[in-house]
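Structure file start-v4.txt (compact mmCIF, C-alpha atoms) is printed below.
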# COMPACT_ATOMS: atom_id res chain seq x y z
CA MET A 38 0.00 0.00 0.00
CA GLY A 39 1.50 3.28 -1.03
CA ARG A 40 1.75 6.06 1.54
CA SER A 41 0.67 8.73 -0.93
CA ARG A 42 -2.96 7.94 -0.03
CA ARG A 43 -4.39 8.71 3.36
CA THR A 44 -5.91 5.79 5.20
CA ILE A 45 -9.46 5.74 6.54
CA PRO A 46 -8.27 5.88 10.20
CA GLU A 47 -6.29 9.03 9.38
CA GLU A 48 -9.25 10.61 7.60
CA LEU A 49 -11.64 9.74 10.43
CA LEU A 50 -9.29 11.37 12.94
CA LEU A 51 -8.94 14.50 10.81
CA LEU A 52 -12.73 14.74 10.61
CA ALA A 53 -12.96 14.51 14.39
CA LEU A 54 -10.39 17.24 15.11
CA ASP A 55 -11.99 20.51 16.13
CA PRO A 56 -10.23 23.29 14.20
CA THR A 57 -10.89 25.79 16.98
CA THR A 58 -10.04 23.90 20.16
CA GLY A 59 -7.61 21.30 18.79
CA THR A 60 -9.46 18.55 20.66
CA THR A 61 -11.11 15.47 19.19
CA ALA A 62 -14.87 15.13 19.15
CA GLN A 63 -16.40 11.99 20.69
CA PRO A 64 -13.02 10.72 22.00
CA GLN A 65 -14.28 7.48 23.57
CA SER A 66 -16.27 6.29 20.59
CA LEU A 67 -13.57 7.62 18.26
CA ASP A 68 -11.12 5.13 19.76
CA LEU A 69 -13.47 2.33 18.76
CA GLY A 70 -13.97 3.89 15.35
CA LEU A 71 -10.23 3.94 14.66
CA ALA A 72 -10.00 0.22 15.38
CA GLY A 73 -12.93 -0.36 13.04
CA ALA A 74 -11.43 1.91 10.38
CA GLN A 75 -8.33 -0.28 10.37
CA LEU A 76 -10.50 -3.26 9.48
CA VAL A 77 -12.09 -1.38 6.58
CA GLU A 78 -8.70 -0.26 5.29
CA LEU A 79 -7.33 -3.80 5.47
CA ALA A 80 -10.40 -5.06 3.62
CA LEU A 81 -9.96 -2.48 0.86
CA ALA A 82 -6.32 -3.60 0.60
CA GLY A 83 -7.45 -7.21 0.08
CA ARG A 84 -5.94 -8.50 3.32
CA ILE A 85 -9.13 -9.41 5.19
CA ALA A 86 -12.73 -10.14 4.24
CA PRO A 87 -16.05 -10.39 6.11
CA ASP A 88 -17.25 -13.88 7.01
CA GLY A 89 -20.76 -13.32 8.34
CA ASP A 90 -20.24 -11.10 11.38
CA ARG A 91 -16.62 -12.23 11.58
CA ILE A 92 -13.38 -11.05 10.01
CA ALA A 93 -11.10 -13.51 8.21
CA VAL A 94 -7.54 -12.94 7.03
CA VAL A 95 -7.30 -13.79 3.33
CA SER A 96 -3.76 -12.53 2.73
CA PRO A 97 -1.16 -11.97 5.47
CA ARG A 98 1.11 -10.02 3.10
CA PRO A 99 2.15 -6.72 4.77
CA THR A 100 0.63 -3.50 3.47
CA GLY A 101 3.67 -1.33 4.15
CA ASP A 102 1.80 0.67 6.80
CA PRO A 103 3.28 -0.28 10.22
CA THR A 104 0.10 0.38 12.20
CA LEU A 105 -2.13 -1.54 9.80
CA ASP A 106 0.40 -4.37 9.58
CA CYS A 107 0.40 -4.68 13.38
CA ALA A 108 -3.39 -5.09 13.31
CA LEU A 109 -3.13 -7.58 10.45
CA GLU A 110 -0.59 -9.67 12.35
CA LEU A 111 -2.79 -9.70 15.46
CA LEU A 112 -5.69 -10.92 13.35
CA ARG A 113 -3.51 -13.58 11.74
CA ARG A 114 -2.41 -14.87 15.13
CA ARG A 115 -6.02 -15.50 16.10
CA GLY A 116 -5.93 -18.43 13.68
CA ALA A 117 -9.69 -18.33 13.08
CA PRO A 118 -12.10 -15.59 11.99
CA VAL A 119 -12.87 -13.19 14.85
CA ARG A 120 -16.15 -11.42 15.47
CA ALA A 121 -15.87 -7.77 14.47
CA VAL A 122 -17.52 -6.67 17.72
CA HIS A 123 -14.93 -8.55 19.78
CA TRP A 124 -12.02 -7.15 17.79
CA ILE A 125 -13.23 -3.56 18.02
CA GLY A 126 -14.02 -3.92 21.72
CA GLY A 127 -10.57 -5.30 22.55
CA PRO A 128 -7.89 -3.09 24.12
CA ARG A 129 -5.32 -1.50 21.83
CA LEU A 130 -3.56 1.06 24.00
CA GLY A 131 -2.29 4.21 22.33
CA LEU A 132 -4.00 3.78 18.95
CA ARG A 133 -5.36 7.34 18.79
CA GLN A 134 -2.05 8.81 19.90
CA THR A 135 -0.23 6.68 17.34
CA TYR A 136 -2.29 8.21 14.55
CA LEU A 137 -1.99 11.73 15.96
CA SER A 138 1.79 11.36 16.10
CA HIS A 139 1.80 10.06 12.53
CA LEU A 140 -0.26 13.02 11.32
CA GLU A 141 2.15 15.34 13.12
CA ARG A 142 5.16 13.74 11.42
CA CYS A 143 3.41 14.14 8.07
CA GLY A 144 2.87 17.82 8.79
CA MET A 145 -0.93 17.56 8.79
CA VAL A 146 -1.35 18.56 12.45
CA HIS A 147 0.69 20.62 14.88
CA ALA A 148 0.99 19.71 18.57
CA VAL A 149 0.30 22.57 21.00
CA ALA A 150 1.30 22.07 24.63
CA GLY A 151 -0.95 23.46 27.34
CA GLN A 152 -2.25 22.91 30.84
CA MET A 153 -5.57 21.83 32.31
CA CYS A 154 -6.65 23.82 35.35
CA GLY A 155 -3.23 25.44 35.23
CA VAL A 156 -1.58 22.25 36.50
CA LEU A 157 -2.04 19.13 34.36
CA PRO A 158 -0.07 19.12 31.10
CA THR A 159 -2.18 18.64 27.99
CA THR A 160 -1.54 18.50 24.25
CA ARG A 161 -3.90 19.79 21.59
CA TYR A 162 -3.53 19.13 17.88
CA GLN A 163 -4.29 21.87 15.38
CA ALA A 164 -4.73 20.98 11.73
CA THR A 165 -2.06 22.60 9.58
CA GLU A 166 -3.02 21.16 6.19
CA THR A 167 -6.53 22.55 6.25
CA GLU A 168 -6.93 21.91 2.52
CA ILE A 169 -6.74 18.17 3.20
CA SER A 170 -9.41 18.38 5.88
CA ARG A 171 -11.62 20.42 3.57
CA GLU A 172 -11.19 17.84 0.79
CA ILE A 173 -12.25 15.00 3.11
CA ARG A 174 -15.27 16.97 4.29
CA ALA A 175 -16.15 17.91 0.70
CA ARG A 176 -16.37 14.22 -0.26
CA LEU A 177 -18.92 13.60 2.46
CA ASP A 178 -20.83 16.77 1.61
CA SER A 179 -20.97 15.79 -2.06
CA ALA A 180 -22.26 12.31 -1.32
CA ILE A 181 -24.92 13.76 0.99
CA ARG A 182 -25.95 16.58 -1.33
CA THR A 183 -26.02 14.81 -4.70
CA GLY A 184 -27.29 11.38 -3.68
CA VAL A 185 -24.81 9.83 -6.12
CA PRO A 186 -23.44 6.53 -4.71
CA PRO A 187 -20.01 7.35 -3.26
CA ASP A 188 -16.86 5.31 -3.74
CA PRO A 189 -16.26 2.55 -1.14
CA ARG A 190 -13.77 4.62 0.84
CA THR A 191 -16.12 7.57 1.22
CA ALA A 192 -19.07 5.29 2.02
CA ALA A 193 -17.07 3.51 4.75
CA LEU A 194 -15.85 6.82 6.16
CA ALA A 195 -19.44 8.09 6.31
CA ALA A 196 -20.63 4.91 8.08
CA LEU A 197 -17.86 5.21 10.68
CA ALA A 198 -18.43 8.94 11.16
CA HIS A 199 -22.08 8.19 11.92
CA ALA A 200 -21.23 5.25 14.20
CA VAL A 201 -18.88 7.25 16.43
CA GLY A 202 -21.32 10.18 16.66
CA LEU A 203 -19.56 12.74 14.47
CA GLY A 204 -22.81 13.67 12.72
CA LYS A 205 -23.62 16.43 15.21
CA HIS A 206 -20.02 17.62 15.07
CA LEU A 207 -20.02 17.86 11.26
CA TYR A 208 -23.65 18.94 10.75
CA PRO A 209 -24.80 20.62 13.98
CA GLY A 210 -28.18 21.97 15.00
CA ASN A 211 -31.62 21.61 13.52
CA GLU A 212 -30.38 22.80 10.15
CA GLY A 213 -28.03 19.82 9.99
CA ARG A 214 -30.68 17.21 10.80
CA SER A 215 -31.33 16.15 7.20
CA SER A 216 -27.59 15.95 6.48
CA ARG A 217 -27.10 13.73 9.53
CA SER A 218 -29.89 11.47 8.29
CA ARG A 219 -28.35 11.19 4.84
CA LEU A 220 -24.92 10.55 6.39
CA ARG A 221 -26.43 7.57 8.20
CA ASP A 222 -28.04 6.29 5.02
CA LEU A 223 -24.70 6.14 3.17
CA ILE A 224 -23.99 2.91 5.06
CA ARG A 225 -25.79 0.87 2.43
CA HIS A 226 -23.10 1.60 -0.15
CA ASP A 227 -20.34 -0.39 1.59
CA PRO A 228 -21.08 -3.77 3.26
CA MET A 229 -17.76 -3.91 5.12
CA GLY A 230 -18.17 -0.36 6.40
CA GLY A 231 -21.69 -1.26 7.50
CA LEU A 232 -20.53 -4.37 9.36
CA VAL A 233 -17.84 -2.42 11.17
CA ALA A 234 -20.10 0.54 11.95
CA HIS A 235 -22.72 -1.74 13.52
CA ALA A 236 -19.97 -3.41 15.56
CA VAL A 237 -18.76 -0.03 16.84
CA MET A 238 -22.26 0.85 18.03
CA ASP A 239 -22.73 -2.61 19.53
CA VAL A 240 -19.59 -2.15 21.63
CA GLN A 241 -20.84 1.23 22.82
CA ASN A 242 -24.07 -0.46 23.95
CA GLY A 243 -22.23 -3.23 25.76
CA VAL A 244 -23.09 -6.02 23.33
CA ALA A 245 -19.46 -7.13 23.08
CA ILE A 246 -19.12 -7.68 26.81
CA GLN A 247 -22.32 -9.62 27.34
CA PRO A 248 -21.56 -13.34 27.85
CA ARG A 249 -23.26 -15.79 25.55
CA ARG A 250 -25.94 -17.89 27.25
CA SER A 251 -26.19 -21.60 26.68
CA PRO A 252 -29.40 -22.84 25.01
CA ALA A 253 -32.02 -23.95 27.49
CA PRO A 254 -32.23 -27.74 27.95
CA ALA A 255 -35.07 -29.51 26.13
CA GLY A 256 -38.37 -29.26 27.99
CA ARG A 257 -37.19 -26.33 30.11
CA GLN A 258 -39.41 -23.28 30.08
CA VAL A 259 -37.50 -20.24 28.88
CA GLY A 260 -38.61 -17.19 30.77
CA PRO A 261 -37.64 -13.54 30.66
CA GLY A 262 -33.89 -13.10 30.91
CA VAL A 263 -33.24 -16.79 30.27
CA GLY A 264 -31.80 -18.24 27.10
CA PRO A 265 -29.74 -16.78 24.32
CA ALA A 266 -29.99 -13.06 23.69
CA PRO A 267 -31.67 -12.13 20.41
CA GLU A 268 -29.43 -11.07 17.56
CA PRO A 269 -29.68 -7.38 16.64
CA ALA A 270 -31.53 -6.67 13.43
CA ARG A 271 -29.28 -5.96 10.48
CA GLY A 272 -31.75 -5.08 7.76
CA VAL A 273 -32.79 -1.67 9.05
CA PRO A 274 -31.12 1.71 8.62
CA MET A 275 -28.71 2.63 11.36
CA GLN A 276 -30.02 4.88 14.05
CA PRO A 277 -27.92 6.36 16.86
CA ARG A 278 -28.23 3.83 19.63
CA ARG A 279 -28.77 4.88 23.20
CA GLY A 280 -27.72 3.07 26.27
CA PRO A 281 -24.77 2.81 28.62
CA MET A 282 -21.47 3.45 26.94
CA ALA A 283 -19.09 0.53 27.25
CA ARG A 284 -15.92 1.68 28.92
CA ALA A 285 -13.46 2.42 26.15
CA VAL A 286 -9.81 1.92 26.96
CA ALA A 287 -7.96 5.20 26.45
CA HIS A 288 -5.66 4.80 23.47

Just dump the structure as structure tokens.
Amino acid sequence: MGRSRRTIPEELLLLALDPTTGTTAQPQSLDLGLAGAQLVELALAGRIAPDGDRIAVVSPRPTGDPTLDCALELLRRRGAPVRAVHWIGGPRLGLRQTYLSHLERCGMVHAVAGQMCGVLPTTRYQATETEISREIRARLDSAIRTGVPPDPRTAALAALAHAVGLGKHLYPGNEGRSSRSRLRDLIRHDPMGGLVAHAVMDVQNGVAIQPRRSPAPAGRQVGPGVGPAPEPARGVPMQPRRGPMARAVAH
């Protein structure tokens, strides 16, 4: 994979950066989204493929991107296809900082040191290549405005942006409501992006950490709360899901 093209995790992070404050919107869910964006990028590179709700390695050949290759190797070591929701919900410490540091080395963001409450050291990241951020945003705007089916990369980016809650960051207020709805609807244009986006939202709702229940023995009455949990519906448009946020490990 050539490095002349930005990866989906990098683009998702640039979308999430607030140009005024230098902070990232939706930081907890963004961490999950970056892990999911790696899966989409590896799929587009022909290294992995969906297998139902699982992810299977189809080619262990390195991509040339160290961060993606680390994820690919971890998937390869699993030996068997892994559920997307389990992969995204697993701990990968420092992933967001890894991508921020990479963007800084590439000259796309600039680190600004500061303090919280005048005591705790903090670092904000201001976008320096604003033209790149505008180009990424313009792709989403075009897909939303024209209704023309976007390319797989843009469709996957839109699905992930919706899944991590960037809709209100990109299209705020009542005037942005229709744009947020159309952003959600772009999921149908990329099956892999849709699979990953659903997995990101499932982790946020605690689906990944719920233990599987064994089927009830024959003749046993299954009552409320007993037996296997129903599978979430997959044939309906994505809606922002509400519920307790699964604790996301700070990357």

(message) I want to know what sits within 8 Å of Ser66 of chain A, based on only C-alpha atoms, with residues of the same chain fewer than 6 positions away left out; could you give that as a list of chain:residue names?
(response)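 The neighbour list is A:Val201, A:Gly202, A:Val237, A:Gln241, A:Ala285.
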
(message) If I take atom CA of Leu177 of chain A and atom CA of Ile85 of chain A, how far is one from the other in Å, to one decimal?
(response)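 The value is 25.2 Å.
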
(message) When you look at segment 181-195 of chain A with a cut-off of 9 Å (counting only C-alpha atoms), what residues show up, excluding the ones that are within fewer than 5 positions of it in the same chain? I need them as a ChimeraX atom specification.
(response) /A:45-46,48-49,74,77-78,81,173,176,200,216-217,219-231,233-234

(message) Using only C-alpha atoms - which residues lie no farther than 10 Å from the point (3.0, -10.9, 3.8) in the file's frame? Write them as a list of chain:residue names.
(response) A:Arg84, A:Ser96, A:Pro97, A:Arg98, A:Pro99, A:Thr100, A:Gly101, A:Asp106, A:Leu109, A:Glu110

(request) List every protein, DNA or RNA residue that has at least one atom no more than 12 Å from (-6.0, 21.3, 16.6) in the file's coordinates, counting all atoms listed in the file, and write the result as a ChimeraX atom specification. (result) /A:50-62,137,140-141,145-150,160-167,170

(request) Please provide the set of residues having any atom within 8 Å of segment 88-92 of chain A, restricted to all atoms listed in the file, with same-chain residues fewer than 3 positions apart removed, written as JSON, numbers by chain. (result) {"A": [85, 118, 119, 120, 121, 232]}

(request) Tell me, in Å to one decimal, how far atom CA of Arg114 of chain A is from atom CA of Leu71 of chain A. (result)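 Interatomic distance here is 20.4 Å.
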
(message) My list of candidates is A:Gly131, A:Gly73, A:Gly204, A:Pro158. Which is closest to Ala236 of chain A when distances are computed with all atoms listed in the file?
(response)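 Nearest candidate to Ala236 of chain A out of A:Gly131, A:Gly73, A:Gly204, A:Pro158: A:Gly73.
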
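Note that atom CA of Leu197 of chain A and atom CA of Val122 of chain A are 13.8 Å apart.
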
Calculate, to one decimal in Å, the centre and edge lengths of the box along x, y and z of the file that holds all listed atoms of segment 185-193 of chain A with 3 Å of margin on each side, and present them as AutoDock Vina command-line options.
--center_x -19.3 --center_y 6.2 --center_z -0.7 --size_x 17.0 --size_y 13.3 --size_z 16.9
